[in-house]
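Structure file protein-v8.txt with compact mmCIF, C-alpha atoms and all ligand atoms:
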# COMPACT_ATOMS: atom_id res chain seq x y z
CA HIS A 17 0.00 0.00 0.00
CA GLN A 18 1.47 3.35 -1.01
CA ASP A 19 -0.89 5.63 0.82
CA GLU A 20 -0.85 5.76 4.62
CA ASP A 21 -4.50 6.84 4.90
CA LYS A 22 -5.65 4.10 2.58
CA LEU A 23 -3.66 1.60 4.59
CA GLN A 24 -5.38 2.60 7.83
CA GLU A 25 -8.78 2.44 6.14
CA TYR A 26 -8.06 -1.04 4.83
CA MET A 27 -6.97 -2.10 8.30
CA ASP A 28 -10.12 -0.55 9.81
CA GLU A 29 -12.21 -2.59 7.43
CA LEU A 30 -10.26 -5.76 8.17
CA GLU A 31 -10.74 -5.13 11.88
CA PHE A 32 -14.47 -4.67 11.32
CA LEU A 33 -14.53 -7.95 9.40
CA ALA A 34 -12.72 -9.66 12.26
CA PHE A 35 -15.19 -8.13 14.72
CA THR A 36 -18.09 -9.39 12.61
CA ALA A 37 -16.55 -12.86 12.69
CA GLY A 38 -16.37 -12.66 16.48
CA ALA A 39 -12.72 -11.79 17.08
CA THR A 40 -11.13 -8.95 19.01
CA VAL A 41 -8.12 -7.34 17.39
CA ASP A 42 -5.15 -6.89 19.65
CA ARG A 43 -2.66 -5.21 17.39
CA ARG A 44 -2.01 -4.21 13.79
CA PHE A 45 1.17 -4.85 11.87
CA THR A 46 1.95 -3.26 8.54
CA GLN A 47 4.87 -3.48 6.19
CA LYS A 48 5.92 -1.60 3.07
CA LEU A 49 7.14 -3.91 0.35
CA THR A 50 7.36 -3.28 -3.38
CA GLN A 51 5.79 -6.67 -3.84
CA PRO A 52 4.75 -9.47 -1.51
CA ASP A 53 7.33 -12.17 -0.78
CA SER A 54 6.40 -15.19 -2.90
CA LYS A 55 7.19 -17.63 -0.08
CA THR A 56 5.96 -15.85 3.04
CA PHE A 57 4.07 -12.77 1.80
CA ILE A 58 5.77 -10.57 4.41
CA GLY A 59 9.52 -10.29 4.98
CA SER A 60 11.24 -12.65 7.41
CA GLY A 61 12.10 -9.86 9.87
CA LYS A 62 8.44 -8.87 10.08
CA ALA A 63 7.40 -12.50 10.45
CA GLN A 64 9.84 -12.85 13.34
CA GLU A 65 8.50 -9.68 14.99
CA ILE A 66 4.92 -10.96 14.76
CA LYS A 67 5.96 -14.38 16.00
CA GLU A 68 7.50 -12.91 19.12
CA TYR A 69 4.49 -10.68 19.75
CA VAL A 70 2.13 -13.63 19.32
CA LYS A 71 4.14 -15.70 21.81
CA GLU A 72 4.39 -12.98 24.43
CA ASN A 73 0.73 -12.04 24.30
CA ALA A 74 -0.81 -15.47 23.74
CA ILE A 75 -2.46 -14.41 20.48
CA GLY A 76 -4.62 -17.09 18.86
CA THR A 77 -4.78 -16.00 15.26
CA VAL A 78 -2.97 -13.75 12.79
CA ILE A 79 -5.15 -12.31 10.01
CA PHE A 80 -3.81 -11.09 6.65
CA ASP A 81 -5.68 -8.56 4.50
CA ASP A 82 -4.97 -10.40 1.25
CA GLU A 83 -5.58 -13.87 -0.03
CA LEU A 84 -2.43 -15.90 0.64
CA SER A 85 -1.32 -18.66 -1.70
CA PRO A 86 -1.52 -22.18 -0.26
CA SER A 87 2.28 -22.31 0.14
CA GLN A 88 2.46 -18.85 1.73
CA LEU A 89 -0.11 -19.99 4.28
CA LYS A 90 1.79 -23.15 5.02
CA ASN A 91 5.16 -21.43 5.29
CA LEU A 92 3.81 -18.67 7.51
CA GLU A 93 2.12 -21.11 9.87
CA ARG A 94 5.27 -23.13 10.12
CA GLU A 95 7.40 -20.05 10.70
CA MET A 96 5.14 -18.18 13.12
CA GLU A 97 3.61 -21.21 14.86
CA VAL A 98 0.17 -19.66 15.03
CA LYS A 99 -3.08 -20.09 13.18
CA ILE A 100 -3.16 -17.86 10.09
CA LEU A 101 -6.28 -16.56 8.41
CA ASP A 102 -6.34 -14.66 5.16
CA ARG A 103 -8.99 -12.20 4.03
CA THR A 104 -10.77 -14.78 1.89
CA ASN A 105 -10.98 -17.30 4.71
CA LEU A 106 -12.26 -14.61 7.07
CA ILE A 107 -15.01 -13.52 4.67
CA LEU A 108 -15.95 -17.14 4.00
CA ASP A 109 -16.21 -17.70 7.73
CA ILE A 110 -18.57 -14.75 8.15
CA PHE A 111 -20.68 -16.02 5.29
CA ALA A 112 -20.77 -19.46 6.91
CA GLN A 113 -21.99 -17.96 10.18
CA ARG A 114 -24.65 -15.92 8.46
CA ALA A 115 -26.02 -18.39 5.93
CA THR A 116 -29.46 -19.39 7.12
CA THR A 117 -31.29 -20.82 4.13
CA SER A 118 -30.22 -24.06 2.54
CA TYR A 119 -29.44 -22.16 -0.65
CA ALA A 120 -27.02 -19.78 1.06
CA ARG A 121 -25.48 -22.62 3.04
CA THR A 122 -24.90 -24.64 -0.12
CA GLN A 123 -23.27 -21.65 -1.80
CA VAL A 124 -20.99 -20.94 1.12
CA GLU A 125 -20.09 -24.58 1.57
CA LEU A 126 -19.10 -24.82 -2.08
CA ALA A 127 -16.95 -21.69 -1.81
CA GLN A 128 -15.32 -23.04 1.35
CA TYR A 129 -14.45 -26.38 -0.24
CA GLN A 130 -13.02 -24.62 -3.28
CA TYR A 131 -10.86 -22.56 -0.98
CA LEU A 132 -9.90 -25.59 1.08
CA LEU A 133 -8.98 -27.98 -1.72
CA PRO A 134 -5.59 -26.53 -2.71
CA ARG A 135 -4.77 -25.93 0.96
CA LEU A 136 -5.41 -29.41 2.28
CA THR A 137 -1.79 -30.15 2.98
CA ARG A 138 -1.37 -27.33 5.46
CA MET A 139 -3.67 -27.35 8.51
CA TRP A 140 -2.68 -27.30 12.02
CA THR A 141 -1.12 -30.67 12.66
CA HIS A 142 1.78 -29.14 14.54
CA LEU A 143 -0.49 -26.87 16.51
CA GLU A 144 -3.04 -27.49 19.11
CA ARG A 145 -6.28 -27.79 17.20
CA GLN A 146 -8.69 -25.12 18.29
CA LYS A 147 -12.27 -26.16 18.16
CA GLY A 148 -14.75 -23.86 16.49
CA GLY A 149 -12.45 -20.87 16.16
CA ILE A 150 -12.65 -18.45 13.26
CA GLY A 151 -11.89 -20.13 9.97
CA MET A 152 -12.64 -23.52 11.47
CA ARG A 153 -16.37 -23.46 11.05
CA GLY A 154 -18.04 -25.37 8.26
CA PRO A 155 -16.11 -27.87 6.26
CA GLY A 156 -12.76 -26.74 7.64
CA GLU A 157 -13.35 -28.42 10.92
CA THR A 158 -14.36 -32.00 10.43
CA GLU A 159 -13.18 -32.79 6.95
CA ILE A 160 -9.59 -31.70 7.27
CA GLU A 161 -8.25 -35.24 7.35
CA THR A 162 -10.47 -36.55 4.61
CA ASP A 163 -8.73 -36.84 1.32
CA ARG A 164 -9.02 -34.61 -1.70
CA ARG A 165 -11.12 -37.07 -3.63
CA ILE A 166 -13.95 -36.88 -1.13
CA ILE A 167 -13.86 -33.11 -1.26
CA ARG A 168 -13.87 -33.12 -5.04
CA ASP A 169 -16.91 -35.39 -5.00
CA ARG A 170 -18.58 -33.08 -2.55
CA ILE A 171 -17.81 -30.09 -4.77
CA SER A 172 -19.45 -31.72 -7.79
CA LEU A 173 -22.43 -32.68 -5.67
CA LEU A 174 -22.85 -29.13 -4.37
CA LYS A 175 -22.50 -27.75 -7.89
CA GLU A 176 -25.28 -30.07 -9.06
CA LYS A 177 -27.45 -29.03 -6.15
CA LEU A 178 -26.88 -25.35 -6.91
CA LYS A 179 -27.63 -25.89 -10.59
CA THR A 180 -31.02 -27.31 -9.65
CA ILE A 181 -31.77 -24.43 -7.30
CA ASP A 182 -30.49 -21.90 -9.86
CA LYS A 183 -32.93 -23.31 -12.41
CA GLN A 184 -35.80 -23.08 -9.94
CA MET A 185 -34.88 -19.51 -9.13
CA ALA A 186 -34.61 -18.58 -12.81
CA THR A 187 -38.11 -19.98 -13.32
CA GLN A 188 -39.35 -17.99 -10.35
CA ARG A 189 -37.82 -14.85 -11.78
CA ASN A 190 -39.46 -15.49 -15.16
CA ASN A 191 -42.81 -16.00 -13.48
CA ARG A 192 -42.65 -12.53 -12.04
CA GLY A 193 -43.76 -11.39 -15.47
CA LYS A 194 -43.48 -7.88 -16.66
CA VAL A 195 -43.45 -6.08 -13.36
CA VAL A 196 -40.44 -3.76 -13.22
CA ARG A 197 -37.65 -5.12 -11.06
CA ALA A 198 -35.31 -2.91 -9.11
CA ALA A 199 -32.31 -4.21 -7.16
CA LEU A 200 -30.60 -2.54 -4.25
CA VAL A 201 -26.85 -2.78 -4.71
CA GLY A 202 -24.07 -1.33 -2.63
CA TYR A 203 -21.11 -2.01 -0.42
CA THR A 204 -21.78 -4.06 2.66
CA ASN A 205 -23.31 -2.20 5.64
CA VAL A 206 -24.43 0.89 3.71
CA GLY A 207 -28.08 0.54 4.73
CA LYS A 208 -29.66 -1.53 1.97
CA SER A 209 -31.77 -3.63 4.34
CA THR A 210 -32.83 -0.56 6.29
CA LEU A 211 -33.93 1.12 3.07
CA MET A 212 -35.70 -2.06 1.96
CA ASN A 213 -37.60 -2.11 5.24
CA ALA A 214 -38.50 1.54 4.97
CA LEU A 215 -39.74 1.22 1.41
CA SER A 216 -41.60 -2.06 1.73
CA LYS A 217 -42.63 -1.84 5.38
CA SER A 218 -41.22 -5.31 5.85
CA GLU A 219 -38.83 -6.56 8.48
CA VAL A 220 -35.54 -7.45 6.86
CA PHE A 221 -32.66 -8.12 9.23
CA ALA A 222 -30.45 -5.01 9.54
CA GLU A 223 -27.40 -4.93 11.74
CA ASN A 224 -24.25 -2.92 12.08
CA LYS A 225 -22.07 -5.79 10.98
CA LEU A 226 -20.83 -6.84 7.60
CA PHE A 227 -22.95 -9.08 5.41
CA ALA A 228 -26.14 -9.21 7.46
CA THR A 229 -27.80 -10.07 4.16
CA LEU A 230 -26.79 -13.22 2.33
CA ASP A 231 -29.97 -14.24 0.65
CA THR A 232 -31.94 -12.09 -1.66
CA THR A 233 -35.24 -10.82 -0.40
CA VAL A 234 -37.81 -9.72 -2.94
CA ARG A 235 -40.61 -7.41 -1.86
CA LYS A 236 -43.41 -5.73 -3.68
CA VAL A 237 -43.23 -1.97 -3.32
CA VAL A 238 -45.85 0.52 -4.40
CA ILE A 239 -45.01 4.17 -4.96
CA GLY A 240 -47.86 6.40 -6.14
CA ASN A 241 -49.96 3.43 -7.33
CA LEU A 242 -47.05 2.09 -9.33
CA PRO A 243 -46.07 -1.39 -8.15
CA PHE A 244 -42.62 -2.84 -8.74
CA LEU A 245 -40.40 -5.51 -7.21
CA LEU A 246 -37.49 -4.56 -5.02
CA THR A 247 -34.63 -6.94 -4.32
CA ASP A 248 -32.12 -6.66 -1.51
CA THR A 249 -28.84 -8.33 -2.46
CA VAL A 250 -25.69 -9.47 -0.75
CA GLY A 251 -23.39 -6.56 0.04
CA PHE A 252 -20.33 -6.11 -2.10
CA ILE A 253 -16.89 -5.69 -0.65
CA ARG A 254 -13.39 -4.92 -1.83
CA LYS A 255 -11.63 -8.15 -2.85
CA LEU A 256 -14.77 -10.25 -2.65
CA PRO A 257 -13.42 -13.80 -2.85
CA THR A 258 -13.79 -15.08 -6.41
CA GLN A 259 -15.16 -18.36 -5.09
CA LEU A 260 -18.07 -16.39 -3.66
CA VAL A 261 -18.78 -14.39 -6.80
CA GLU A 262 -19.01 -17.69 -8.63
CA SER A 263 -21.16 -19.55 -6.15
CA PHE A 264 -23.51 -16.65 -5.45
CA LYS A 265 -24.61 -16.81 -9.05
CA SER A 266 -28.33 -16.72 -8.40
CA THR A 267 -28.00 -13.88 -5.95
CA LEU A 268 -26.03 -11.89 -8.48
CA ASP A 269 -28.46 -12.92 -11.22
CA GLU A 270 -31.05 -10.84 -9.39
CA VAL A 271 -28.78 -7.89 -10.10
CA ARG A 272 -27.99 -9.01 -13.61
CA GLU A 273 -31.65 -9.38 -14.48
CA ALA A 274 -32.92 -6.27 -12.73
CA ASP A 275 -34.35 -3.45 -14.83
CA LEU A 276 -33.07 -0.76 -12.50
CA LEU A 277 -30.23 -0.64 -9.99
CA ILE A 278 -30.51 1.44 -6.85
CA HIS A 279 -26.91 2.00 -5.79
CA VAL A 280 -26.86 2.79 -2.07
CA VAL A 281 -23.78 4.58 -0.70
CA ASP A 282 -22.90 5.15 2.96
CA ILE A 283 -21.83 8.77 2.71
CA SER A 284 -20.74 8.80 6.35
CA HIS A 285 -18.00 6.27 5.65
CA GLU A 286 -14.61 7.79 5.03
CA SER A 287 -13.90 5.41 2.14
CA PHE A 288 -17.22 5.80 0.40
CA GLU A 289 -15.59 6.75 -2.90
CA ASP A 290 -13.63 3.50 -2.86
CA HIS A 291 -16.80 1.64 -2.05
CA ILE A 292 -18.52 3.12 -5.11
CA ASP A 293 -15.57 1.98 -7.23
CA SER A 294 -15.66 -1.54 -5.78
CA VAL A 295 -19.37 -1.86 -6.47
CA ASN A 296 -18.98 -0.56 -10.02
CA GLN A 297 -16.11 -2.99 -10.52
CA ILE A 298 -18.25 -5.96 -9.48
CA LEU A 299 -21.17 -4.70 -11.58
CA MET A 300 -18.78 -4.70 -14.51
CA GLU A 301 -17.58 -8.22 -13.71
CA ILE A 302 -21.13 -9.53 -13.75
CA ASN A 303 -21.93 -7.45 -16.83
CA ALA A 304 -24.60 -5.33 -15.16
CA HIS A 305 -22.88 -1.96 -15.49
CA GLN A 306 -24.99 -0.60 -18.31
CA LYS A 307 -28.31 -0.76 -16.55
CA PRO A 308 -30.28 2.31 -15.53
CA MET A 309 -29.10 3.30 -12.07
CA ILE A 310 -30.07 5.66 -9.29
CA MET A 311 -27.45 6.81 -6.79
CA VAL A 312 -28.81 6.97 -3.25
CA PHE A 313 -26.39 8.63 -0.83
CA ASN A 314 -27.50 7.36 2.56
CA LYS A 315 -26.80 8.23 6.20
CA ILE A 316 -26.78 12.01 5.77
CA ASP A 317 -27.74 12.08 9.46
CA ASP A 318 -24.55 10.44 10.62
CA PHE A 319 -20.91 11.41 10.35
CA SER A 320 -19.54 9.61 13.31
CA TYR A 321 -16.77 8.10 11.19
CA GLN A 322 -15.43 11.49 10.16
CA LYS A 323 -13.06 12.03 13.02
CA LYS A 324 -9.88 11.99 11.02
CA ASP A 325 -9.41 15.68 10.49
CA GLU A 326 -10.68 17.38 13.61
CA ASP A 327 -10.18 20.88 12.22
CA ASP A 328 -12.34 20.39 9.24
CA LEU A 329 -14.72 17.48 9.05
CA THR A 330 -15.76 17.13 12.65
CA PRO A 331 -18.97 15.23 13.19
CA SER A 332 -20.86 18.36 14.18
CA THR A 333 -19.89 20.45 11.19
CA ARG A 334 -20.60 17.62 8.79
CA LYS A 335 -23.96 17.16 10.42
CA ASN A 336 -24.86 20.67 9.47
CA ILE A 337 -24.52 20.11 5.76
CA SER A 338 -27.87 20.99 4.30
CA LEU A 339 -29.58 19.24 1.46
CA GLU A 340 -28.88 22.20 -0.78
CA GLU A 341 -25.19 21.93 0.03
CA TRP A 342 -25.20 18.21 -0.71
CA LYS A 343 -26.67 19.00 -4.09
CA ASN A 344 -23.66 21.15 -4.88
CA THR A 345 -21.12 18.43 -4.18
CA TRP A 346 -19.51 16.35 -6.92
CA MET A 347 -21.70 13.43 -5.88
CA ALA A 348 -24.75 15.22 -7.19
CA LYS A 349 -23.09 15.65 -10.58
CA SER A 350 -23.03 11.95 -11.33
CA LYS A 351 -24.37 10.88 -14.71
CA TYR A 352 -27.10 9.04 -12.82
CA PRO A 353 -30.09 10.53 -11.01
CA THR A 354 -28.90 11.21 -7.47
CA VAL A 355 -30.54 11.71 -4.11
CA PHE A 356 -29.33 12.26 -0.52
CA ILE A 357 -31.29 10.56 2.26
CA SER A 358 -31.25 8.98 5.66
CA ALA A 359 -32.85 5.56 5.65
CA LEU A 360 -32.95 5.76 9.42
CA THR A 361 -34.70 9.11 9.93
CA LYS A 362 -36.40 8.97 6.52
CA GLU A 363 -35.09 12.44 5.74
CA ASN A 364 -35.73 13.41 2.12
CA PHE A 365 -37.75 10.26 1.40
CA PRO A 366 -40.31 12.09 -0.75
CA GLU A 367 -37.59 13.19 -3.17
CA MET A 368 -36.13 9.68 -3.32
CA LYS A 369 -39.52 8.15 -3.92
CA LYS A 370 -40.22 10.61 -6.69
CA LEU A 371 -36.90 9.74 -8.30
CA ILE A 372 -37.53 6.00 -8.08
CA TYR A 373 -41.08 6.51 -9.33
CA ASP A 374 -39.84 8.42 -12.39
CA GLU A 375 -37.25 5.79 -13.28
CA VAL A 376 -39.62 2.85 -12.75
CA MET A 377 -42.26 4.66 -14.79
CA LYS A 378 -39.84 5.16 -17.69
CA ILE A 379 -39.17 1.42 -17.79
CA HIS A 380 -42.83 0.61 -17.28
CA ILE A 381 -43.87 2.81 -20.20
CA SER A 382 -41.20 1.37 -22.48
CA ARG A 383 -42.75 -2.02 -21.74
CA PHE A 384 -46.36 -1.07 -22.24
CA PRO A 385 -46.35 1.46 -25.03
CA TYR A 386 -49.96 2.56 -24.66
CA ASN A 387 -49.62 5.09 -27.44
CA ASP A 388 -48.84 2.57 -30.17
P1 LIG A 401 -26.76 -3.41 4.55
O1 LIG A 401 -25.65 -4.31 4.95
O2 LIG A 401 -26.39 -2.54 3.39
O3 LIG A 401 -28.07 -4.11 4.34
O4 LIG A 401 -26.96 -2.37 5.76
P2 LIG A 401 -28.01 -2.41 6.96
O5 LIG A 401 -29.36 -1.97 6.47
O6 LIG A 401 -27.91 -3.71 7.67
O7 LIG A 401 -27.45 -1.21 7.85
C1 LIG A 401 -26.17 -1.26 8.40
C2 LIG A 401 -26.10 -0.35 9.62
O8 LIG A 401 -26.26 1.00 9.23
C3 LIG A 401 -27.21 -0.62 10.62
O9 LIG A 401 -26.67 -0.47 11.91
C4 LIG A 401 -28.24 0.46 10.33
O10 LIG A 401 -29.01 0.78 11.46
C5 LIG A 401 -27.33 1.60 9.94
N1 LIG A 401 -28.01 2.56 9.06
C6 LIG A 401 -28.70 2.31 7.93
N2 LIG A 401 -29.17 3.44 7.38
C7 LIG A 401 -28.76 4.46 8.18
C8 LIG A 401 -28.92 5.89 8.14
O11 LIG A 401 -29.54 6.49 7.27
N3 LIG A 401 -28.31 6.59 9.15
C9 LIG A 401 -27.62 5.98 10.14
N4 LIG A 401 -27.09 6.75 11.08
N5 LIG A 401 -27.44 4.66 10.20
C10 LIG A 401 -28.00 3.90 9.23
Exercise: express the given structure as structure tokens:
Amino acid sequence: HQDEDKLQEYMDELEFLAFTAGATVDRRFTQKLTQPDSKTFIGSGKAQEIKEYVKENAIGTVIFDDELSPSQLKNLEREMEVKILDRTNLILDIFAQRATTSYARTQVELAQYQYLLPRLTRMWTHLERQKGGIGMRGPGETEIETDRRIIRDRISLLKEKLKTIDKQMATQRNNRGKVVRAALVGYTNVGKSTLMNALSKSEVFAENKLFATLDTTVRKVVIGNLPFLLTDTVGFIRKLPTQLVESFKSTLDEVREADLLIHVVDISHESFEDHIDSVNQILMEINAHQKPMIMVFNKIDDFSYQKKDEDDLTPSTRKNISLEEWKNTWMAKSKYPTVFISALTKENFPEMKKLIYDEVMKIHISRFPYND
């Protein structure tokens, strides 16, 4: 990482991920390298420093912000004599904890096996095996000793199972007919579920943790007599493990097949610009980047994250930004229709509803050309 601020933000996010998974972070280590060491990712001096710290403070796990190669993982565990988690494994673990439906569980299990397969040779034979710790939930725990063949069989089985469910879901989507479909997209924790609840008066689980939503929820919403379907989707995140993008096909198909994307941004988050980029990147990867989109900048009521520069962007001064001022920021000059709201206090909801109504109506009319 070149930029010190960026680095801290990435570490903040990683810490939040660790917190979501149920861990407390004791200390952060960073290192500047032109490129990661192919064998151990970090340099040997740094590895030694961490090893000593881990020993002295009885630390259980060391978490890396990147995906480590199977051999890097193995070498690091051997060298540092501690359980190592990489970003992918951490995210997979959170998904495993949060998957409630059989569909989500199947998807996560598949992603976990795909992650596990090339890493079967490592594992903590030389360490005391911790039961049920982070990264040990799901297939990691019981199947470690089973051989690769069994896991490969399991992977094909899960793929078959998902194919069947995917087909069912595609049929369901087709059966929804010509009603306009809008999908909420956005970085994780930006307020998609809260907005969904506010718009559809339903009770979707919202929580200040990452990835509260794994399954898609579809609700009928009516604005000014115009009904349409609204889908809440899994939150996106920087470096979303590729295994997950692949196995969450049906979830992402909701986005791919939506008529309108409602891109929710947490404007109170200091990295919100990066978040927008990450979301656009994933939309591009799943070929959904050319759809009509509305930008909804959420959480205008809350700037509790903005404590970095006390002279300028203190929480209180940011709180005083008026709607008119928001409309003069670069965010408002996006090529997409843009609105600033608070999903929590419902500030500026009428304007947002009008915006959504207009966009849904455009699509609706293009579908039912009454004037022909
Ligand atoms: P999702 O992961 O995008 O679905 O986000 P959630 O809807 O679960 O919301 C994440 C957290 O942000 C929760 O703690 C919400 O209460 C909070 N939140 C959502 N919208 C707002 C808002 O407009 N203002 C504030 N202050 N918090 C919000």
(request) For each of A:Arg164, A:Lys183, A:Lys351, A:Lys255, take the minimum atom-to-atom distance to Asp269 (chain A), counting all atoms listed in the file, then give the residue where this is smallest. (result) A:Lys183
(request) Anything within 12 Å of (-24.3, -19.9, -7.9): list those residues as number ranges by chain, counting only C-alpha atoms and sticking to the file's coordinates. (result) A: 119-127, 174-183, 185-186, 231, 258-270
(request) Give the answer as one residue: which of A:Glu72, A:Glu65, A:Glu83, A:Asp248 has the shortest atom-to-atom distance to ligand LIG 401 (chain A), using all atoms listed in the file? (result) A:Asp248
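CA of Thr56 (chain A) is found 17.7 Å from CA of Arg44 (chain A).
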(request) Kindly give the distance, in Å, that separates CA of Leu256 (chain A) and CA of Leu101 (chain A), rounded to a single decimal. (result)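 Distance between the two atoms: 15.3 Å.
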(request) Have a look at A:Lys349, A:Lys208, A:Lys369, A:Lys194 and name the one nearest to ligand LIG 401 (chain A); count only C-alpha atoms and all ligand atoms. (result)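 Using only C-alpha atoms and all ligand atoms, ligand LIG 401 (chain A) sits closest to A:Lys208.
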(message) Which residues are close to Asn314 (chain A), i.e. within 9 Å by only C-alpha atoms, leaving aside same-chain residues fewer than 2 positions away? Reply as a list of chain:residue names.
(response)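 These residues fall inside the cut-off: A:Val206, A:Gly207, A:Leu211, A:Val280, A:Val281, A:Asp282, A:Ile283, A:Ser284, A:Val312, A:Ile316, A:Asp317, A:Val355, A:Phe356, A:Ile357, A:Ser358, A:Ala359, A:Leu360.
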(message) Rounded to one decimal, what separation in Å do you get between CA of Met300 (chain A) and atom P1 of ligand LIG 401 (chain A)?
(response)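 Rounded to one decimal, the two atoms are 20.7 Å apart.
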